[in-house]
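A quick write-up on the structure given underneath.
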Amino acid sequence: MITCIPNPGRCGGTLLLHILDKYFKMKNTPDYKMEYEVYDYDIGVDRIKNPPAKNYLFKYQYLFTHKPLLGADKYIILDRRDLHAWCYSHYMTHKNKHVHGEPPTNYTFDHAEFKNYEKVMTQLRSTWEVEKTRLISQGAISLYYEDIKDLSAKEILNLCDFDDADDFDKDDLYFEPEDTGISIKLTPVWSCNSK
């Protein structure tokens with residue numbers, strides 16, 4: 001089964017990916033592989049046509065491509081309701097070059113620059129909204145970060161139609177960038193609450 005998490009970025013996709021990854025590993029899913037993210041359309045097409053494992057999980061960053069990625073067996077959409085917080089997280093990540101783990105204590109923020117960035121990001125979302133609607137019409141599961149962030153891992157997995165899930169601590173998951181040997185504890189990054 002090929003499971004794809006299409007999203008517009010900065011909406012908890014890494015958390016959901018790692019919850020699903022742990023679930024598949026706990027279930028001893030045979031011939032399984034997780035890939036952190038695909039943000040190139042041609043690579044995405046290749047991964048679906050020639051998956052690196054029979055059971056393959058990956059996150060697809062739609063706003064890098066603006067192209068639908070067809071052919072996965074299961075799509076789980078993750079998005080944000082709070083578009084201001086979504087834009088803020090994108091801006092801070094871009095501006096400060098920090099994606100995962102605790103945000104740095106020293107960072108830069110320019111209010112005027114952020115307002116322009118927010119306008120551009122809001123305009124870019126229009127293609128995502130069309131794709132999200134298409135995916136939902138074809139049976140994709142649709143979740144919002146704000147609705148799942150305080151749920152248990154089991155509750156989140158149940159929403160993803162994995163009713164046989166065992167619970168585990170979703171606050172003890174780690175992001176491990178390939179070939180770095182580094183393990184970063186997953187924490188919410190660049191929340192508007194941390195301004």
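Residues are named by chain letter and number: chains run A, B, ... in the order of the structure tokens, numbers start at 1 in each chain, and ligands are numbered from 1 in the order shown.
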DSSP-assigned alpha helix (DSSP H) members of stretch 15-186 of chain A, reported as a ChimeraX atom specification: /A:15-26,41-49,83-96,111-137,145-148,153-159
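Near stretch 127-142 of chain A, within 7 Å and counting only C-alpha atoms, sit Pro8, Tyr62, Leu63, His66, Pro68, Lys74, Tyr75, Ile76, Ile77, Leu78 and Cys160 of chain A; same-chain residues fewer than 5 positions away were not included.
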Put those residues in a file: N, CA, C and O atoms, as a compact mmCIF listing (two decimals), in the first residue's frame.
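Final output, saved to result-v5.txt:
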```
# COMPACT_ATOMS: atom_id res chain seq x y z
N PRO A 8 0.21 21.48 2.31
CA PRO A 8 0.83 22.72 1.87
C PRO A 8 2.01 23.13 2.75
O PRO A 8 2.45 24.27 2.71
N TYR A 62 2.90 19.81 -1.65
CA TYR A 62 2.19 20.26 -2.85
C TYR A 62 2.62 21.65 -3.32
O TYR A 62 2.73 21.89 -4.52
N LEU A 63 2.85 22.59 -2.43
CA LEU A 63 3.16 23.95 -2.86
C LEU A 63 4.52 24.10 -3.52
O LEU A 63 4.83 25.15 -4.07
N HIS A 66 2.70 22.35 -7.25
CA HIS A 66 1.39 22.77 -7.77
C HIS A 66 0.86 21.78 -8.79
O HIS A 66 0.18 22.16 -9.74
N PRO A 68 -1.01 17.77 -9.10
CA PRO A 68 -1.57 16.60 -8.43
C PRO A 68 -0.67 15.38 -8.62
O PRO A 68 -0.12 15.17 -9.70
N LYS A 74 -3.65 5.39 -0.77
CA LYS A 74 -4.32 6.10 0.31
C LYS A 74 -3.73 7.50 0.42
O LYS A 74 -2.51 7.66 0.44
N TYR A 75 -4.62 8.49 0.49
CA TYR A 75 -4.21 9.88 0.68
C TYR A 75 -4.77 10.36 2.01
O TYR A 75 -5.97 10.21 2.28
N ILE A 76 -3.90 10.95 2.81
CA ILE A 76 -4.32 11.57 4.06
C ILE A 76 -3.87 13.03 3.98
O ILE A 76 -2.68 13.32 4.09
N ILE A 77 -4.83 13.91 3.79
CA ILE A 77 -4.54 15.34 3.65
C ILE A 77 -4.38 15.94 5.05
O ILE A 77 -5.15 15.65 5.95
N LEU A 78 -3.40 16.80 5.18
CA LEU A 78 -3.25 17.57 6.42
C LEU A 78 -3.13 19.04 6.05
O LEU A 78 -2.37 19.40 5.15
N CYS A 160 -7.45 8.24 10.73
CA CYS A 160 -6.81 7.84 9.47
C CYS A 160 -7.25 6.45 9.02
O CYS A 160 -6.67 5.86 8.11
```
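These are the residues of stretch 127-184 of chain A assigned strand (DSSP E or B) by DSSP from backbone coordinates: Ile141, Ser142, Leu143, Tyr144, Tyr174, Phe175 and Ile184 of chain A.
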Contacts of stretch 107-182 of chain A with stretch 22-31 of chain A up to 12 Å, shortest pair per row, only C-alpha atoms, as CSV:
```
residue,atom,partner,partner_atom,distance
A:Ala153,CA,A:Tyr23,CA,9.0
A:Lys154,CA,A:Tyr23,CA,9.2
A:Ile156,CA,A:Tyr23,CA,10.9
A:Leu157,CA,A:Tyr23,CA,8.1
A:Asn158,CA,A:Tyr23,CA,11.1
A:Cys160,CA,A:Tyr23,CA,11.3
A:Phe162,CA,A:Tyr23,CA,8.9
A:Asp163,CA,A:Tyr23,CA,11.1
A:Asp164,CA,A:Lys27,CA,9.3
A:Ala165,CA,A:Tyr23,CA,6.9
A:Asp166,CA,A:Tyr23,CA,7.9
A:Asp167,CA,A:Tyr23,CA,9.0
A:Phe168,CA,A:Lys22,CA,8.9
A:Asp169,CA,A:Lys22,CA,10.3
A:Lys170,CA,A:Lys22,CA,9.4
A:Asp172,CA,A:Lys22,CA,10.8
A:Leu173,CA,A:Lys22,CA,8.6
A:Tyr174,CA,A:Lys22,CA,10.4
A:Phe175,CA,A:Lys22,CA,11.7
```
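Pairwise distance (atom CA of A:Gln123, atom CA of A:Thr65) equals 14.8 Å.
For the pair atom CA of A:Ala85 and atom CA of A:Ile148, the interatomic distance is 15.6 Å.
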Nearby residues (only C-alpha atoms) at most 8 Å from A:Tyr41, same-chain spacing under 4 positions excluded, as a VMD selection string: chain A and resid 45 65 67 69
Quick one: write out the picked residues with N, CA, C and O atoms as a CSV table (one decimal), in the first residue's frame?
```
chain,number,residue,atom,x,y,z
A,45,VAL,N,6.1,11.1,-9.0
A,45,VAL,CA,5.6,10.2,-10.0
A,45,VAL,C,6.4,8.9,-10.0
A,45,VAL,O,5.9,7.8,-10.1
A,65,THR,N,5.2,22.1,-6.0
A,65,THR,CA,5.0,21.6,-7.4
A,65,THR,C,3.7,22.2,-8.0
A,65,THR,O,3.7,22.3,-9.2
A,67,LYS,N,1.2,20.5,-8.6
A,67,LYS,CA,0.7,19.4,-9.5
A,67,LYS,C,0.2,18.3,-8.7
A,67,LYS,O,0.8,17.8,-7.7
A,69,LEU,N,-0.5,14.6,-7.6
A,69,LEU,CA,0.3,13.4,-7.6
A,69,LEU,C,-0.7,12.2,-7.6
A,69,LEU,O,-1.3,11.9,-6.5
```
Shell around A:Glu178 at 10 Å using only C-alpha atoms, local window under 4 positions removed, as a PyMOL selection string: chain A and resi 35-36+182-183
Store the residues picked out above, limited to C-alpha atoms, as a compact mmCIF listing (two decimals), in the first residue's frame.
```txt
# COMPACT_ATOMS: atom_id res chain seq x y z
CA GLU A 35 10.45 8.68 3.03
CA TYR A 36 10.37 12.01 4.81
CA ILE A 182 21.25 13.51 14.17
CA SER A 183 18.00 12.83 15.98
```
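The residue that comes closest to A:Tyr56, out of A:Met1, A:Gly181, A:Tyr91, A:Phe109 and on the basis of only C-alpha atoms, is A:Met1.
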Close residues, A:Leu83 itself excluded, 10 Å, only C-alpha atoms, min 3 positions apart in chain, as number ranges by chain: A: 11, 79-80, 86-89, 118, 121-122, 125
Go ahead and dump the residues you just picked, N, CA, C and O atoms, as a PDB file, in the first residue's frame.
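Dumped to out_17.pdb:
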```
ATOM      1  N   CYS A  11       2.081  22.341   8.554  1.00  0.00           N
ATOM      2  CA  CYS A  11       0.767  22.043   9.123  1.00  0.00           C
ATOM      3  C   CYS A  11       0.766  20.720   9.899  1.00  0.00           C
ATOM      4  O   CYS A  11      -0.274  20.095  10.038  1.00  0.00           O
ATOM      5  N   ASP A  79      -3.905  19.872   6.742  1.00  0.00           N
ATOM      6  CA  ASP A  79      -3.934  21.299   6.420  1.00  0.00           C
ATOM      7  C   ASP A  79      -4.042  22.095   7.716  1.00  0.00           C
ATOM      8  O   ASP A  79      -4.072  21.521   8.803  1.00  0.00           O
ATOM      9  N   ARG A  80      -4.089  23.414   7.595  1.00  0.00           N
ATOM     10  CA  ARG A  80      -4.271  24.316   8.736  1.00  0.00           C
ATOM     11  C   ARG A  80      -5.555  25.098   8.568  1.00  0.00           C
ATOM     12  O   ARG A  80      -5.866  25.573   7.478  1.00  0.00           O
ATOM     13  N   TRP A  86      -0.354  29.594   9.813  1.00  0.00           N
ATOM     14  CA  TRP A  86       0.298  28.834   8.751  1.00  0.00           C
ATOM     15  C   TRP A  86       1.314  29.718   8.022  1.00  0.00           C
ATOM     16  O   TRP A  86       2.462  29.314   7.802  1.00  0.00           O
ATOM     17  N   CYS A  87       0.906  30.931   7.668  1.00  0.00           N
ATOM     18  CA  CYS A  87       1.816  31.865   6.987  1.00  0.00           C
ATOM     19  C   CYS A  87       2.988  32.242   7.889  1.00  0.00           C
ATOM     20  O   CYS A  87       4.131  32.320   7.424  1.00  0.00           O
ATOM     21  N   TYR A  88       2.704  32.475   9.158  1.00  0.00           N
ATOM     22  CA  TYR A  88       3.762  32.826  10.106  1.00  0.00           C
ATOM     23  C   TYR A  88       4.804  31.709  10.189  1.00  0.00           C
ATOM     24  O   TYR A  88       6.002  31.958  10.135  1.00  0.00           O
ATOM     25  N   SER A  89       4.350  30.471  10.278  1.00  0.00           N
ATOM     26  CA  SER A  89       5.273  29.341  10.360  1.00  0.00           C
ATOM     27  C   SER A  89       6.116  29.223   9.092  1.00  0.00           C
ATOM     28  O   SER A  89       7.326  28.989   9.161  1.00  0.00           O
ATOM     29  N   GLU A 118       2.832  36.918   3.752  1.00  0.00           N
ATOM     30  CA  GLU A 118       1.503  36.368   4.035  1.00  0.00           C
ATOM     31  C   GLU A 118       0.577  36.544   2.832  1.00  0.00           C
ATOM     32  O   GLU A 118      -0.174  35.632   2.472  1.00  0.00           O
ATOM     33  N   MET A 121       1.696  33.952   0.158  1.00  0.00           N
ATOM     34  CA  MET A 121       1.345  32.584   0.557  1.00  0.00           C
ATOM     35  C   MET A 121      -0.164  32.351   0.451  1.00  0.00           C
ATOM     36  O   MET A 121      -0.603  31.282   0.023  1.00  0.00           O
ATOM     37  N   THR A 122      -0.941  33.339   0.802  1.00  0.00           N
ATOM     38  CA  THR A 122      -2.399  33.224   0.701  1.00  0.00           C
ATOM     39  C   THR A 122      -2.812  33.048  -0.756  1.00  0.00           C
ATOM     40  O   THR A 122      -3.699  32.252  -1.066  1.00  0.00           O
ATOM     41  N   ARG A 125      -2.073  29.485  -2.067  1.00  0.00           N
ATOM     42  CA  ARG A 125      -2.979  28.456  -1.554  1.00  0.00           C
ATOM     43  C   ARG A 125      -4.097  28.106  -2.517  1.00  0.00           C
ATOM     44  O   ARG A 125      -4.691  27.027  -2.406  1.00  0.00           O
TER      45      ARG A 125
END
```
Shortest interatomic distance to A:Ala53 - which of A:His94, A:Ile2, A:Tyr39, A:Ile19, counting only C-alpha atoms: A:Ile2
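Within 12 Å of A:Asp150, once only C-alpha atoms are used and residues closer than 5 positions along the same chain are dropped, the contacting residues are Gly12, Leu15, Tyr144, Tyr145, Glu155, Ile156, Asp169, Lys170, Asp171 and Pro188 of chain A.
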Produce a file of the selected residues containing all heavy atoms, as a compact mmCIF listing (two decimals), in the first residue's frame.
```txt
# COMPACT_ATOMS: atom_id res chain seq x y z
N GLY A 12 1.91 20.31 10.39
CA GLY A 12 1.97 19.09 11.19
C GLY A 12 2.19 17.83 10.40
O GLY A 12 2.05 16.72 10.92
N LEU A 15 4.77 15.47 11.93
CA LEU A 15 4.22 14.76 13.10
C LEU A 15 3.35 13.60 12.63
O LEU A 15 3.52 12.46 13.09
CB LEU A 15 3.41 15.71 13.97
CG LEU A 15 2.66 15.06 15.13
CD1 LEU A 15 3.65 14.45 16.13
CD2 LEU A 15 1.74 16.07 15.81
N TYR A 144 -7.17 18.45 9.90
CA TYR A 144 -6.59 19.77 10.18
C TYR A 144 -5.72 19.66 11.42
O TYR A 144 -6.11 19.03 12.41
CB TYR A 144 -7.69 20.82 10.39
CG TYR A 144 -8.39 21.20 9.13
CD1 TYR A 144 -9.55 20.55 8.73
CD2 TYR A 144 -7.88 22.21 8.31
CE1 TYR A 144 -10.20 20.90 7.56
CE2 TYR A 144 -8.52 22.56 7.13
CZ TYR A 144 -9.68 21.89 6.77
OH TYR A 144 -10.30 22.23 5.60
N TYR A 145 -4.57 20.31 11.35
CA TYR A 145 -3.64 20.30 12.47
C TYR A 145 -4.30 20.72 13.77
O TYR A 145 -4.12 20.09 14.81
CB TYR A 145 -2.44 21.20 12.16
CG TYR A 145 -1.52 21.37 13.33
CD1 TYR A 145 -0.71 20.32 13.75
CD2 TYR A 145 -1.48 22.57 14.04
CE1 TYR A 145 0.13 20.46 14.84
CE2 TYR A 145 -0.64 22.71 15.13
CZ TYR A 145 0.17 21.66 15.53
OH TYR A 145 0.99 21.80 16.61
N GLU A 155 -6.00 8.11 18.72
CA GLU A 155 -7.14 8.85 18.18
C GLU A 155 -6.83 9.37 16.77
O GLU A 155 -7.69 9.32 15.88
CB GLU A 155 -7.49 10.03 19.10
CG GLU A 155 -8.10 9.60 20.42
CD GLU A 155 -8.18 10.73 21.43
OE1 GLU A 155 -7.25 11.56 21.50
OE2 GLU A 155 -9.19 10.77 22.17
N ILE A 156 -5.61 9.84 16.56
CA ILE A 156 -5.21 10.31 15.23
C ILE A 156 -5.21 9.16 14.23
O ILE A 156 -5.72 9.27 13.12
CB ILE A 156 -3.83 11.00 15.29
CG1 ILE A 156 -3.92 12.29 16.11
CG2 ILE A 156 -3.29 11.28 13.88
CD1 ILE A 156 -2.59 12.90 16.48
N ASP A 169 3.17 7.26 22.91
CA ASP A 169 3.43 8.66 23.23
C ASP A 169 3.84 9.43 21.98
O ASP A 169 4.97 9.32 21.51
CB ASP A 169 4.52 8.77 24.30
CG ASP A 169 4.74 10.18 24.79
OD1 ASP A 169 4.07 11.11 24.29
OD2 ASP A 169 5.58 10.36 25.68
N LYS A 170 2.92 10.22 21.43
CA LYS A 170 3.22 11.00 20.23
C LYS A 170 4.11 12.20 20.54
O LYS A 170 4.59 12.87 19.62
CB LYS A 170 1.94 11.44 19.52
CG LYS A 170 1.17 12.54 20.19
CD LYS A 170 0.02 12.99 19.32
CE LYS A 170 -0.81 14.09 19.90
NZ LYS A 170 -0.16 15.25 20.41
N ASP A 171 4.33 12.46 21.81
CA ASP A 171 5.24 13.55 22.19
C ASP A 171 6.67 13.05 22.35
O ASP A 171 7.54 13.80 22.80
CB ASP A 171 4.75 14.21 23.49
CG ASP A 171 3.40 14.88 23.29
OD1 ASP A 171 3.18 15.46 22.20
OD2 ASP A 171 2.56 14.80 24.21
N PRO A 188 6.35 21.40 18.22
CA PRO A 188 5.75 22.44 17.37
C PRO A 188 6.76 23.56 17.15
O PRO A 188 7.42 24.01 18.08
CB PRO A 188 4.55 22.93 18.18
CG PRO A 188 4.23 21.81 19.12
CD PRO A 188 5.57 21.17 19.42
```
